[in-house]
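Shown next: query-v2.tsv, given as TSV, C-alpha atoms and all ligand atoms.
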chain	number	residue	atom	x	y	z
A	1	MET	CA	-8.83	13.79	-9.46
A	2	LYS	CA	-6.56	14.68	-12.36
A	3	ILE	CA	-7.33	13.42	-15.87
A	4	LEU	CA	-4.94	13.65	-18.79
A	5	THR	CA	-7.08	13.59	-21.93
A	6	ILE	CA	-5.42	12.64	-25.20
A	7	LEU	CA	-6.98	14.07	-28.36
A	8	GLY	CA	-5.79	14.19	-31.93
A	9	ALA	CA	-8.44	13.62	-34.57
A	10	ARG	CA	-11.80	15.15	-35.46
A	11	PRO	CA	-14.13	12.50	-34.00
A	12	GLN	CA	-12.21	12.65	-30.73
A	13	PHE	CA	-12.79	16.40	-30.39
A	14	ILE	CA	-16.50	15.80	-30.81
A	15	LYS	CA	-16.58	13.01	-28.21
A	16	ALA	CA	-14.37	14.96	-25.79
A	17	GLY	CA	-16.55	18.05	-26.15
A	18	ASN	CA	-19.32	16.23	-24.33
A	19	ILE	CA	-17.09	14.88	-21.57
A	20	SER	CA	-15.45	18.28	-21.05
A	21	ARG	CA	-18.87	19.86	-20.55
A	22	GLU	CA	-19.50	17.27	-17.85
A	23	ILE	CA	-16.07	17.71	-16.22
A	24	ALA	CA	-16.61	21.49	-16.02
A	25	GLN	CA	-19.40	20.77	-13.53
A	26	HIS	CA	-17.03	19.01	-11.11
A	27	THR	CA	-14.73	21.28	-9.11
A	28	ASN	CA	-12.88	18.20	-7.80
A	29	ILE	CA	-11.66	17.19	-11.29
A	30	GLN	CA	-8.79	18.79	-13.15
A	31	GLU	CA	-8.63	17.98	-16.86
A	32	ILE	CA	-5.34	18.48	-18.70
A	33	ILE	CA	-5.82	18.25	-22.46
A	34	VAL	CA	-3.08	17.04	-24.79
A	35	HIS	CA	-3.67	17.64	-28.53
A	36	THR	CA	-1.27	15.45	-30.47
A	37	GLY	CA	-1.71	17.49	-33.67
A	38	GLN	CA	-2.75	14.47	-35.74
A	39	HIS	CA	-5.44	16.68	-37.29
A	40	TYR	CA	-4.24	20.23	-37.68
A	41	ASP	CA	-6.21	22.16	-40.35
A	42	ALA	CA	-8.41	24.81	-38.76
A	43	ASN	CA	-11.57	23.13	-40.08
A	44	MET	CA	-10.41	19.71	-38.85
A	45	SER	CA	-9.42	20.89	-35.38
A	46	ASP	CA	-9.74	24.50	-34.05
A	47	ILE	CA	-13.32	24.89	-35.17
A	48	PHE	CA	-14.46	22.05	-32.88
A	49	PHE	CA	-12.72	23.55	-29.86
A	50	GLN	CA	-14.41	26.90	-30.57
A	51	GLU	CA	-17.88	25.63	-31.40
A	52	MET	CA	-18.07	23.02	-28.66
A	53	LYS	CA	-16.30	25.24	-26.13
A	54	ILE	CA	-13.70	22.56	-25.41
A	55	PRO	CA	-10.99	24.05	-23.18
A	56	LYS	CA	-7.89	25.09	-25.14
A	57	PRO	CA	-5.36	22.22	-25.09
A	58	ASP	CA	-2.76	22.56	-22.34
A	59	TYR	CA	-0.22	20.87	-24.59
A	60	PHE	CA	-0.10	20.90	-28.38
A	61	LEU	CA	2.40	18.36	-29.71
A	62	GLY	CA	2.23	19.24	-33.43
A	63	ILE	CA	2.65	15.66	-34.67
A	64	GLY	CA	0.54	15.35	-37.83
A	65	GLY	CA	0.88	14.44	-41.52
A	66	LYS	CA	3.43	11.65	-40.89
A	67	SER	CA	3.63	7.93	-41.53
A	68	HIS	CA	1.89	5.82	-38.88
A	69	GLY	CA	5.18	4.64	-37.37
A	70	ALA	CA	6.67	8.11	-37.14
A	71	MET	CA	3.42	9.56	-35.80
A	72	LEU	CA	3.03	6.88	-33.15
A	73	GLY	CA	6.67	6.95	-32.07
A	74	GLN	CA	6.81	10.73	-31.73
A	75	MET	CA	3.46	10.86	-29.93
A	76	ILE	CA	4.57	8.25	-27.40
A	77	GLU	CA	7.75	10.18	-26.64
A	78	LYS	CA	5.99	13.52	-26.18
A	79	ILE	CA	2.93	12.22	-24.31
A	80	GLU	CA	5.23	10.39	-21.91
A	81	GLU	CA	7.06	13.65	-21.12
A	82	VAL	CA	3.76	15.39	-20.39
A	83	ALA	CA	2.41	12.49	-18.32
A	84	LEU	CA	5.57	12.30	-16.20
A	85	LYS	CA	5.34	16.03	-15.55
A	86	GLU	CA	1.62	16.04	-14.75
A	87	MET	CA	1.34	12.63	-13.03
A	88	PRO	CA	-2.43	12.32	-13.54
A	89	ASP	CA	-4.70	9.78	-11.87
A	90	TRP	CA	-6.02	8.77	-15.28
A	91	ILE	CA	-5.09	8.90	-18.92
A	92	LEU	CA	-8.32	9.13	-20.90
A	93	VAL	CA	-8.39	8.07	-24.56
A	94	TYR	CA	-11.16	7.97	-27.14
A	95	GLY	CA	-11.87	5.68	-30.06
A	96	ASP	CA	-9.29	4.04	-32.27
A	97	THR	CA	-6.87	6.51	-33.83
A	98	ASN	CA	-3.09	6.56	-33.64
A	99	SER	CA	-3.40	9.22	-30.93
A	100	THR	CA	-5.54	6.77	-28.91
A	101	LEU	CA	-2.93	4.01	-29.06
A	102	ALA	CA	-0.08	6.40	-28.28
A	103	GLY	CA	-1.85	7.61	-25.12
A	104	ALA	CA	-2.67	4.05	-24.11
A	105	LEU	CA	0.89	2.80	-24.48
A	106	VAL	CA	2.24	5.68	-22.40
A	107	ALA	CA	-0.24	4.93	-19.61
A	108	SER	CA	0.85	1.31	-19.59
A	109	LYS	CA	4.59	2.06	-19.69
A	110	ILE	CA	4.56	4.47	-16.76
A	111	ASN	CA	1.80	2.76	-14.83
A	112	ILE	CA	-0.96	5.35	-14.92
A	113	LYS	CA	-4.54	4.11	-14.96
A	114	LEU	CA	-6.03	4.05	-18.46
A	115	ALA	CA	-9.68	4.72	-19.35
A	116	HIS	CA	-10.94	3.95	-22.86
A	117	VAL	CA	-14.12	5.57	-24.16
A	118	GLU	CA	-15.68	3.67	-27.08
A	119	ALA	CA	-14.15	0.37	-26.01
A	120	GLY	CA	-15.02	-3.10	-27.29
A	121	LEU	CA	-15.80	-2.19	-30.89
A	122	ARG	CA	-14.56	-4.55	-33.55
A	123	SER	CA	-14.72	-4.68	-37.34
A	124	PHE	CA	-12.85	-8.02	-37.40
A	125	ASN	CA	-10.75	-6.59	-40.21
A	126	MET	CA	-7.15	-6.62	-39.00
A	127	LYS	CA	-6.04	-4.74	-42.12
A	128	MET	CA	-7.65	-1.60	-40.68
A	129	PRO	CA	-5.17	0.38	-38.58
A	130	GLU	CA	-8.10	1.34	-36.34
A	131	GLU	CA	-8.87	-2.32	-35.52
A	132	VAL	CA	-5.32	-2.89	-34.30
A	133	ASN	CA	-5.38	0.39	-32.34
A	134	ARG	CA	-8.60	-0.48	-30.54
A	135	ILE	CA	-7.68	-4.09	-29.73
A	136	LEU	CA	-4.35	-3.06	-28.23
A	137	THR	CA	-5.87	-0.14	-26.33
A	138	ASP	CA	-8.67	-2.26	-24.88
A	139	ARG	CA	-6.25	-4.93	-23.72
A	140	ILE	CA	-4.24	-2.52	-21.55
A	141	SER	CA	-7.12	-0.37	-20.26
A	142	ASN	CA	-8.14	-0.41	-16.60
A	143	ILE	CA	-11.66	0.71	-17.32
A	144	LEU	CA	-13.44	0.13	-20.61
A	145	PHE	CA	-16.50	2.26	-21.38
A	146	CYS	CA	-18.53	0.36	-23.98
A	147	PRO	CA	-21.19	2.06	-26.08
A	148	THR	CA	-23.25	-1.03	-27.01
A	149	ASP	CA	-24.20	-4.58	-26.02
A	150	THR	CA	-22.25	-5.77	-29.06
A	151	ALA	CA	-19.10	-4.15	-27.67
A	152	ILE	CA	-19.61	-5.90	-24.33
A	153	LYS	CA	-20.11	-9.21	-26.14
A	154	ASN	CA	-16.95	-8.71	-28.20
A	155	LEU	CA	-14.92	-8.27	-25.03
A	156	GLN	CA	-16.52	-11.32	-23.41
A	157	ASN	CA	-15.60	-13.35	-26.48
A	158	GLU	CA	-12.00	-12.21	-26.10
A	159	GLY	CA	-11.91	-13.35	-22.46
A	160	PHE	CA	-11.97	-9.94	-20.81
A	161	GLU	CA	-13.86	-11.40	-17.84
A	162	ASN	CA	-10.56	-13.06	-16.89
A	163	PHE	CA	-8.54	-9.86	-17.11
A	164	ASN	CA	-7.92	-7.41	-14.31
A	165	CYS	CA	-10.05	-4.57	-15.64
A	166	THR	CA	-13.53	-3.09	-15.39
A	167	VAL	CA	-15.84	-3.36	-18.38
A	168	MET	CA	-19.06	-1.36	-18.38
A	169	LYS	CA	-21.78	-0.45	-20.80
A	170	THR	CA	-22.34	3.29	-20.74
A	171	GLY	CA	-24.09	4.02	-24.03
A	172	ASP	CA	-22.62	6.23	-26.70
A	173	VAL	CA	-21.07	9.55	-25.82
A	174	MET	CA	-21.78	10.97	-29.29
A	175	GLN	CA	-25.52	10.72	-28.74
A	176	ASP	CA	-25.35	13.28	-25.90
A	177	GLY	CA	-23.56	15.69	-28.19
A	178	ALA	CA	-25.68	15.27	-31.28
A	179	LEU	CA	-28.85	16.00	-29.35
A	180	PHE	CA	-27.28	18.83	-27.31
A	181	TYR	CA	-25.75	20.65	-30.30
A	182	LYS	CA	-28.87	20.29	-32.43
A	183	GLN	CA	-30.19	23.47	-30.81
A	184	PHE	CA	-27.16	25.38	-32.18
A	185	ALA	CA	-27.21	23.78	-35.66
A	186	THR	CA	-26.26	26.28	-38.37
A	187	ARG	CA	-27.35	26.20	-42.01
A	188	PRO	CA	-24.29	26.40	-44.29
A	189	THR	CA	-24.39	29.31	-46.73
A	190	PHE	CA	-23.94	27.51	-50.08
A	191	ASP	CA	-26.82	26.47	-52.35
A	192	ILE	CA	-28.63	23.50	-50.77
A	193	LYS	CA	-31.49	21.75	-52.51
A	194	ASP	CA	-34.32	19.92	-50.79
A	195	ASN	CA	-33.87	16.17	-50.35
A	196	PHE	CA	-30.10	16.23	-50.55
A	197	ILE	CA	-27.83	13.31	-49.66
A	198	LEU	CA	-25.01	13.87	-47.15
A	199	CYS	CA	-21.84	11.97	-47.96
A	200	THR	CA	-18.37	11.61	-46.43
A	201	ILE	CA	-15.44	9.41	-47.47
A	202	HIS	CA	-12.09	9.17	-45.79
A	203	ARG	CA	-11.29	5.57	-44.83
A	204	ALA	CA	-7.87	4.36	-45.93
A	205	GLU	CA	-9.38	1.25	-47.54
A	206	ASN	CA	-11.34	3.56	-49.88
A	207	THR	CA	-8.97	6.48	-50.39
A	208	ASP	CA	-5.75	4.49	-50.80
A	209	ASN	CA	-7.21	2.01	-53.28
A	210	THR	CA	-7.65	3.73	-56.65
A	211	ASN	CA	-10.14	1.17	-57.87
A	212	ASN	CA	-12.34	1.61	-54.79
A	213	LEU	CA	-12.13	5.39	-55.03
A	214	GLN	CA	-13.11	5.28	-58.70
A	215	GLU	CA	-16.03	2.92	-58.10
A	216	ILE	CA	-17.36	5.11	-55.30
A	217	PHE	CA	-17.04	8.38	-57.19
A	218	GLN	CA	-18.50	6.95	-60.40
A	219	ALA	CA	-21.54	5.76	-58.46
A	220	LEU	CA	-21.90	9.05	-56.57
A	221	GLU	CA	-21.61	11.08	-59.75
A	222	MET	CA	-24.46	9.06	-61.32
A	223	ILE	CA	-26.66	9.42	-58.22
A	224	SER	CA	-25.97	13.16	-58.06
A	225	HIS	CA	-27.94	13.61	-61.30
A	226	HIS	CA	-31.06	12.47	-59.40
A	227	GLN	CA	-30.43	14.08	-56.01
A	228	GLN	CA	-27.92	16.65	-54.82
A	229	ILE	CA	-24.99	15.03	-53.01
A	230	ILE	CA	-23.19	17.27	-50.50
A	231	LEU	CA	-19.73	15.95	-49.69
A	232	PRO	CA	-17.55	17.75	-47.13
A	233	LEU	CA	-14.17	16.48	-48.31
A	234	HIS	CA	-11.63	15.09	-45.84
A	235	PRO	CA	-8.06	16.28	-46.66
A	236	ARG	CA	-6.91	12.69	-47.09
A	237	THR	CA	-9.54	12.10	-49.81
A	238	LYS	CA	-8.82	15.44	-51.44
A	239	LYS	CA	-5.15	14.52	-51.82
A	240	MET	CA	-5.94	11.11	-53.28
A	241	LEU	CA	-8.55	12.42	-55.74
A	242	GLU	CA	-5.95	14.88	-57.03
A	243	ASN	CA	-3.21	12.24	-57.16
A	244	VAL	CA	-5.23	9.81	-59.25
A	245	ASN	CA	-7.05	12.49	-61.24
A	246	ILE	CA	-10.63	11.66	-60.33
A	247	THR	CA	-13.08	14.47	-60.98
A	248	ALA	CA	-16.71	14.59	-59.91
A	249	SER	CA	-18.19	17.70	-61.43
A	250	ASN	CA	-21.82	17.24	-60.38
A	251	ILE	CA	-21.22	16.42	-56.71
A	252	THR	CA	-21.36	19.41	-54.34
A	253	ILE	CA	-17.87	19.03	-52.88
A	254	ILE	CA	-17.15	21.42	-50.03
A	255	GLU	CA	-14.40	21.89	-47.46
A	256	PRO	CA	-14.84	19.98	-44.17
A	257	VAL	CA	-17.42	21.77	-42.04
A	258	GLY	CA	-17.58	22.42	-38.31
A	259	TYR	CA	-19.88	20.43	-36.07
A	260	LEU	CA	-22.72	22.95	-35.99
A	261	GLU	CA	-23.03	22.97	-39.79
A	262	MET	CA	-22.57	19.22	-39.86
A	263	VAL	CA	-25.42	18.70	-37.41
A	264	TRP	CA	-27.63	20.91	-39.60
A	265	LEU	CA	-26.70	18.86	-42.68
A	266	ILE	CA	-27.43	15.55	-40.95
A	267	ASP	CA	-30.72	16.86	-39.61
A	268	HIS	CA	-31.89	18.10	-43.04
A	269	CYS	CA	-30.64	15.44	-45.44
A	270	THR	CA	-32.79	12.54	-46.61
A	271	LEU	CA	-30.04	9.93	-46.81
A	272	VAL	CA	-26.49	9.48	-45.51
A	273	MET	CA	-23.80	7.74	-47.57
A	274	THR	CA	-20.54	7.35	-45.72
A	275	ASP	CA	-17.58	5.29	-44.60
A	276	SER	CA	-17.33	7.25	-41.34
A	277	GLY	CA	-17.94	5.48	-38.04
A	278	GLY	CA	-19.35	8.51	-36.25
A	279	LEU	CA	-21.64	9.55	-39.06
A	280	GLN	CA	-23.30	6.11	-39.23
A	281	LYS	CA	-24.48	6.62	-35.67
A	282	GLU	CA	-25.44	10.23	-36.17
A	283	ALA	CA	-27.63	9.15	-39.09
A	284	TYR	CA	-29.50	6.98	-36.58
A	285	PHE	CA	-29.69	9.76	-33.95
A	286	PHE	CA	-31.32	12.01	-36.58
A	287	HIS	CA	-33.51	9.22	-38.01
A	288	LYS	CA	-31.83	9.05	-41.41
A	289	PRO	CA	-31.15	5.85	-43.38
A	290	CYS	CA	-27.49	5.17	-44.04
A	291	ILE	CA	-25.70	3.45	-46.91
A	292	THR	CA	-22.24	2.53	-45.66
A	293	LEU	CA	-19.41	2.43	-48.17
A	294	ARG	CA	-17.53	-0.30	-46.35
A	295	ASP	CA	-17.69	-4.09	-46.22
A	296	GLU	CA	-18.05	-4.20	-42.45
A	297	THR	CA	-19.00	-1.94	-39.58
A	298	GLU	CA	-18.37	-1.74	-35.86
A	299	TRP	CA	-21.99	-0.57	-35.44
A	300	THR	CA	-23.56	-3.91	-36.35
A	301	GLU	CA	-26.82	-3.21	-34.48
A	302	LEU	CA	-27.67	-0.62	-37.14
A	303	VAL	CA	-27.35	-3.21	-39.90
A	304	GLU	CA	-29.21	-5.88	-37.91
A	305	ASN	CA	-32.11	-3.45	-37.46
A	306	LYS	CA	-32.19	-2.49	-41.16
A	307	LEU	CA	-31.20	1.12	-40.49
A	308	ASN	CA	-27.90	0.82	-42.32
A	309	VAL	CA	-26.77	-1.25	-45.31
A	310	LEU	CA	-23.19	-2.20	-46.10
A	311	VAL	CA	-22.29	-1.90	-49.77
A	312	GLY	CA	-18.51	-1.64	-49.77
A	313	ALA	CA	-16.82	0.24	-52.58
A	314	HIS	CA	-18.69	-1.53	-55.36
A	315	LYS	CA	-20.30	0.75	-57.93
A	316	GLU	CA	-23.12	-1.65	-58.81
A	317	LYS	CA	-23.94	-2.39	-55.16
A	318	ILE	CA	-23.97	1.32	-54.33
A	319	LEU	CA	-26.29	2.09	-57.24
A	320	MET	CA	-28.53	-0.87	-56.46
A	321	SER	CA	-28.90	0.13	-52.79
A	322	TYR	CA	-29.70	3.70	-53.86
A	323	GLU	CA	-32.37	2.49	-56.31
A	324	LYS	CA	-33.90	0.14	-53.73
A	325	LYS	CA	-33.63	2.54	-50.81
A	326	GLU	CA	-37.40	2.72	-50.28
A	327	ASP	CA	-37.46	-1.04	-49.52
A	328	LEU	CA	-34.15	-1.55	-47.75
A	329	PHE	CA	-34.68	0.30	-44.50
A	330	SER	CA	-37.02	-0.36	-41.57
A	331	HIS	CA	-37.10	3.33	-40.46
A	332	ASN	CA	-37.70	2.13	-36.92
A	333	TYR	CA	-35.55	4.48	-34.87
A	334	ASP	CA	-37.28	3.82	-31.58
A	335	LEU	CA	-34.80	1.20	-30.41
A	336	ASP	CA	-32.59	2.72	-27.72
A	337	LEU	CA	-29.43	1.25	-29.28
A	338	TYR	CA	-26.96	3.72	-27.76
A	339	GLY	CA	-28.24	4.50	-24.27
A	340	THR	CA	-30.64	7.22	-23.37
A	341	SER	CA	-29.07	10.25	-21.75
A	342	ASN	CA	-26.05	11.66	-19.97
A	343	VAL	CA	-23.52	9.05	-21.00
A	344	SER	CA	-20.77	11.57	-20.16
A	345	GLY	CA	-22.14	11.88	-16.61
A	346	LEU	CA	-21.98	8.12	-16.15
A	347	ILE	CA	-18.40	7.95	-17.42
A	348	ILE	CA	-17.17	10.70	-15.12
A	349	LYS	CA	-19.05	9.29	-12.11
A	350	SER	CA	-17.41	5.91	-12.75
A	351	LEU	CA	-13.93	7.43	-12.89
A	352	LEU	CA	-14.54	9.25	-9.60
A	353	GLN	CA	-15.83	6.10	-7.90
A	354	TYR	CA	-12.97	3.96	-9.21
A	355	ASN	CA	-10.55	6.50	-7.76
A	356	LEU	CA	-11.90	6.24	-4.21
A	401	LIG	C1	-7.72	9.29	-38.76
A	401	LIG	C2	-7.99	7.98	-38.02
A	401	LIG	C3	-9.34	7.42	-38.43
A	401	LIG	C4	-10.43	8.45	-38.23
A	401	LIG	C5	-10.06	9.74	-38.94
A	401	LIG	C6	-11.08	10.77	-38.61
A	401	LIG	C7	-5.92	6.69	-37.60
A	401	LIG	C8	-5.17	5.46	-37.95
A	401	LIG	N1	-7.00	6.95	-38.37
A	401	LIG	O1	-7.64	8.99	-40.14
A	401	LIG	O2	-9.64	6.31	-37.60
A	401	LIG	O3	-11.62	7.94	-38.78
A	401	LIG	O4	-8.78	10.18	-38.49
A	401	LIG	O5	-11.15	11.79	-39.53
A	401	LIG	O6	-5.57	7.37	-36.68
A	401	LIG	N2	-4.57	15.75	-43.06
A	401	LIG	C9	-4.54	17.08	-43.40
A	401	LIG	N3	-5.07	17.96	-42.52
A	401	LIG	C10	-5.61	17.59	-41.33
A	401	LIG	C11	-5.64	16.22	-41.02
A	401	LIG	C12	-5.11	15.31	-41.90
A	401	LIG	O7	-4.06	17.47	-44.46
A	401	LIG	O8	-6.07	18.44	-40.57
A	401	LIG	C13	-3.95	14.77	-43.97
A	401	LIG	C14	-2.68	14.22	-43.34
A	401	LIG	O9	-1.59	14.98	-43.64
A	401	LIG	C15	-2.59	12.85	-43.93
A	401	LIG	C16	-4.05	12.47	-44.20
A	401	LIG	O10	-4.81	13.66	-44.14
A	401	LIG	O11	-1.91	12.89	-45.13
A	401	LIG	C17	-4.55	11.45	-43.23
A	401	LIG	O12	-4.52	11.93	-41.89
A	401	LIG	P1	-4.33	10.91	-40.66
A	401	LIG	O13	-4.54	11.63	-39.40
A	401	LIG	O14	-3.09	10.13	-40.83
A	401	LIG	O15	-5.47	9.85	-40.84
A	401	LIG	P2	-7.01	10.01	-41.17
A	401	LIG	O16	-7.26	9.43	-42.50
A	401	LIG	O17	-7.47	11.39	-40.90
A	402	LIG	N1	-17.83	15.73	-39.22
A	402	LIG	C1	-17.81	17.13	-39.16
A	402	LIG	N2	-17.50	17.81	-40.31
A	402	LIG	C2	-17.23	17.18	-41.49
A	402	LIG	C3	-17.28	15.76	-41.52
A	402	LIG	C4	-17.56	15.07	-40.36
A	402	LIG	O1	-18.07	17.73	-38.12
A	402	LIG	O2	-16.96	17.88	-42.47
A	402	LIG	C5	-18.14	14.99	-37.98
A	402	LIG	C6	-19.23	13.95	-38.09
A	402	LIG	O3	-20.51	14.53	-37.96
A	402	LIG	C7	-18.89	13.03	-36.93
A	402	LIG	C8	-17.39	13.07	-36.91
A	402	LIG	O4	-17.01	14.22	-37.65
A	402	LIG	O5	-19.35	13.57	-35.70
A	402	LIG	C9	-16.89	11.83	-37.57
A	402	LIG	O6	-15.55	11.95	-37.84
A	402	LIG	P1	-14.84	11.18	-39.02
A	402	LIG	O7	-15.82	10.76	-40.03
A	402	LIG	O8	-13.71	12.05	-39.44
A	402	LIG	O9	-14.20	9.94	-38.26
A	402	LIG	P2	-14.75	8.53	-37.81
A	402	LIG	O10	-15.98	8.72	-37.02
A	402	LIG	O11	-14.95	7.70	-39.05
A	402	LIG	O12	-13.62	7.98	-37.01

Please lay out the structure from this file as structure tokens.
Amino acid sequence: MKILTILGARPQFIKAGNISREIAQHTNIQEIIVHTGQHYDANMSDIFFQEMKIPKPDYFLGIGGKSHGAMLGQMIEKIEEVALKEMPDWILVYGDTNSTLAGALVASKINIKLAHVEAGLRSFNMKMPEEVNRILTDRISNILFCPTDTAIKNLQNEGFENFNCTVMKTGDVMQDGALFYKQFATRPTFDIKDNFILCTIHRAENTDNTNNLQEIFQALEMISHHQQIILPLHPRTKKMLENVNITASNITIIEPVGYLEMVWLIDHCTLVMTDSGGLQKEAYFFHKPCITLRDETEWTELVENKLNVLVGAHKEKILMSYEKKEDLFSHNYDLDLYGTSNVSGLIIKSLLQYNL
């Protein structure tokens, strides 16, 4: 069986790392990796391939730092060329980025079976580019690997039972990785205080809205006088902070880190504050409460179980949730929300069986 895997952005490298480890155990599977180039800085891309021992991409398309339309259009053109040359049994896409949608559209146009990992998630906010990407990708996938019961329910509500596709709950592929890479976790070398907060911000709705960005950074700056805040800064956020002249002198702002340092930071922090999708789940895997700097989340089971609170980009709400953090969270992590083990194994087994 030949799989053409489409990767482009940081969370996809992390998800694919786990699947690639699984594929390496099957001599009857050939994986061809296409890296679209959507993320291209060494610490947003290469470091994950090195640390997670993901095979070097067979094709690097170099399409990053462009408008969404230009990115998508160029990716479609180039991925189609590769797919026509390789003629795989499957095109495999992850998550909800522009690289995901580009891979999905190519599969549909040239009639190659499409598998979507992290299918069925919804924020119900159509202003998010990711929401549009995931809805469109799901609709044209042949097999949809869903991480949660909520994802399955979302697809049922959209009538997927009537469509000619296979929907299955597999659990979350990031859980495999977080627990596997914990053994290799590496302490970063800068000054880290006990009880620090780990924070990341990169969502367009926060970075591209000056008011939101100001509210978030004003709140974080105030909190950082009580507890160290470590913030590995996404390049998108870095650019916007510079553009609108926001400074945050007391926050420990660092360059994006690789996965092994990130896992150490998650494992040793006391609280996560983020607008990242992946990090919300990792907070749960490592039994850390999470304050989410968004108005909605795709990982609703975390909120329902009082492991995560949504505060948006509102300074007062952020400060209030920080002050009340002892009362807000249930700290019950014994819930099996994302499957138990070897999600990657289940996904690969399903692709092999489907192919028979
Ligand atoms: C993308 C995904 C988002 C995901 C995030 C993960 C889409 C629509 N969004 O958002 O779902 O959560 O990746 O991090 O696909 N940049 C650099 N260096 C890099 C990467 C990006 O400077 O290595 C800059 C780009 O030039 C661009 C900005 O960061 O100006 C945003 O990058 P882009 O890939 O468009 O979107 P993300 O915000 O990273
Ligand atoms: N991450 C990382 N280094 C960083 C910031 C994040 O390795 O400096 C990891 C994080 O632990 C998670 C993934 O990147 O596994 C999440 O990616 P991101 O927040 O960029 O995207 P999202 O999950 O929101 O799509």

Within 7 Å of ligand LIG 402 (chain A), which residues of chain A show up? Give each one with its shortest atom-to-atom distance in Å (one decimal) and the two atoms involved, counting only C-alpha atoms and all ligand atoms, rows by chain then rising residue number, as a tab-separated table.
residue	atom	partner	partner_atom	distance
A:Arg10	CA	A:LIG402	O8	5.4
A:Pro11	CA	A:LIG402	O6	4.1
A:Ile14	CA	A:LIG402	O5	6.1
A:Thr200	CA	A:LIG402	C3	6.5
A:Pro232	CA	A:LIG402	O2	4.7
A:Leu233	CA	A:LIG402	O2	6.6
A:His234	CA	A:LIG402	O2	6.9
A:Glu255	CA	A:LIG402	O2	6.9
A:Pro256	CA	A:LIG402	O2	3.4
A:Val257	CA	A:LIG402	O2	3.9
A:Gly258	CA	A:LIG402	O1	4.7
A:Tyr259	CA	A:LIG402	O1	3.8
A:Met262	CA	A:LIG402	O1	5.0
A:Val263	CA	A:LIG402	O3	6.5
A:Asp275	CA	A:LIG402	O11	6.6
A:Ser276	CA	A:LIG402	O11	3.3
A:Gly277	CA	A:LIG402	O11	3.9
A:Gly278	CA	A:LIG402	O10	3.5
A:Leu279	CA	A:LIG402	C7	4.9
A:Glu282	CA	A:LIG402	O3	6.8

Hey, can you spit out that residue selection with C-alpha atoms as a tab-separated table (two decimals), keeping the file's coordinate frame?
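What ended up in out-v3.tsv:
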chain	number	residue	atom	x	y	z
A	10	ARG	CA	-11.80	15.15	-35.46
A	11	PRO	CA	-14.13	12.50	-34.00
A	14	ILE	CA	-16.50	15.80	-30.81
A	200	THR	CA	-18.37	11.61	-46.43
A	232	PRO	CA	-17.55	17.75	-47.13
A	233	LEU	CA	-14.17	16.48	-48.31
A	234	HIS	CA	-11.63	15.09	-45.84
A	255	GLU	CA	-14.40	21.89	-47.46
A	256	PRO	CA	-14.84	19.98	-44.17
A	257	VAL	CA	-17.42	21.77	-42.04
A	258	GLY	CA	-17.58	22.42	-38.31
A	259	TYR	CA	-19.88	20.43	-36.07
A	262	MET	CA	-22.57	19.22	-39.86
A	263	VAL	CA	-25.42	18.70	-37.41
A	275	ASP	CA	-17.58	5.29	-44.60
A	276	SER	CA	-17.33	7.25	-41.34
A	277	GLY	CA	-17.94	5.48	-38.04
A	278	GLY	CA	-19.35	8.51	-36.25
A	279	LEU	CA	-21.64	9.55	-39.06
A	282	GLU	CA	-25.44	10.23	-36.17

> Using only C-alpha atoms, which of A:Ile33, A:Leu121, A:Cys146, A:Ile76 sits nearest Thr300 in chain A?
Replying inline: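 The closest residue to Thr300 in chain A is A:Leu121.
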
>> Using all atoms listed in the file, can you tell me which of A:Asp58, A:Glu205, A:Glu77, A:Glu221 comes closest to ligand LIG 401 (chain A)?
In response: A:Glu205

> Within 6 Å of ligand LIG 401 (chain A), counting only C-alpha atoms and all ligand atoms, which protein or nucleic acid residues do you find, written as a PyMOL selection string?
Replying inline: chain A and resi 9-11+38-41+44+65+96-98+129-130+202+235-236

>> Between CA of Cys269 in chain A and CA of Cys199 in chain A, what is the distance in Å, rounded to a tenth?
In response: 9.8 Å

>> As an exercise, work out the distance from CA of Ser350 in chain A to CA of Lys113 in chain A in Å and give it to one decimal place.
In response: 13.2 Å

> Interatomic distance between CA of Ile23 in chain A and CA of Pro88 in chain A?
Replying inline: 14.9 Å

Kindly compute an axis-aligned box around the listed atoms of range 331-343 of chain A, allowing 8 Å on each side, and express its centre and edge lengths in Å to one decimal as JSON.
{"center_x": -30.6, "center_y": 6.4, "center_z": -30.2, "size_x": 30.2, "size_y": 26.5, "size_z": 36.5}

>> Nearest residue to Thr210 in chain A out of A:Met1, A:Met273, A:Val173, A:Val244, using all atoms listed in the file?
In response: A:Val244

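Taking only C-alpha atoms into account, Asp327 in chain A lies nearest to A:Pro289 out of the set A:Gly171, A:Gly69, A:Gly95, A:Pro289.
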
> Contacts of Ile291 in chain A at 7 Å or less, counting all atoms listed in the file, minus same-chain residues fewer than 2 places along, as a list in words?
Replying inline: Val272, Met273, Thr274, Pro289, Leu293, Asn308, Val309, Leu310 and Val311 of chain A

Could you give me, as a short mmCIF file (atom, residue, chain, number, x, y, z; two decimals) with C-alpha atoms, in the coordinates of the input, the residues within 9 Å of Val106 in chain A, counting only C-alpha atoms and dropping anything in the same chain fewer than 6 positions from it?
data_model
loop_
_atom_site.label_atom_id
_atom_site.label_comp_id
_atom_site.auth_asym_id
_atom_site.auth_seq_id
_atom_site.Cartn_x
_atom_site.Cartn_y
_atom_site.Cartn_z
CA ILE A 76 4.57 8.25 -27.40
CA GLU A 77 7.75 10.18 -26.64
CA ILE A 79 2.93 12.22 -24.31
CA GLU A 80 5.23 10.39 -21.91
CA ALA A 83 2.41 12.49 -18.32
CA ILE A 91 -5.09 8.90 -18.92
CA ILE A 112 -0.96 5.35 -14.92
#
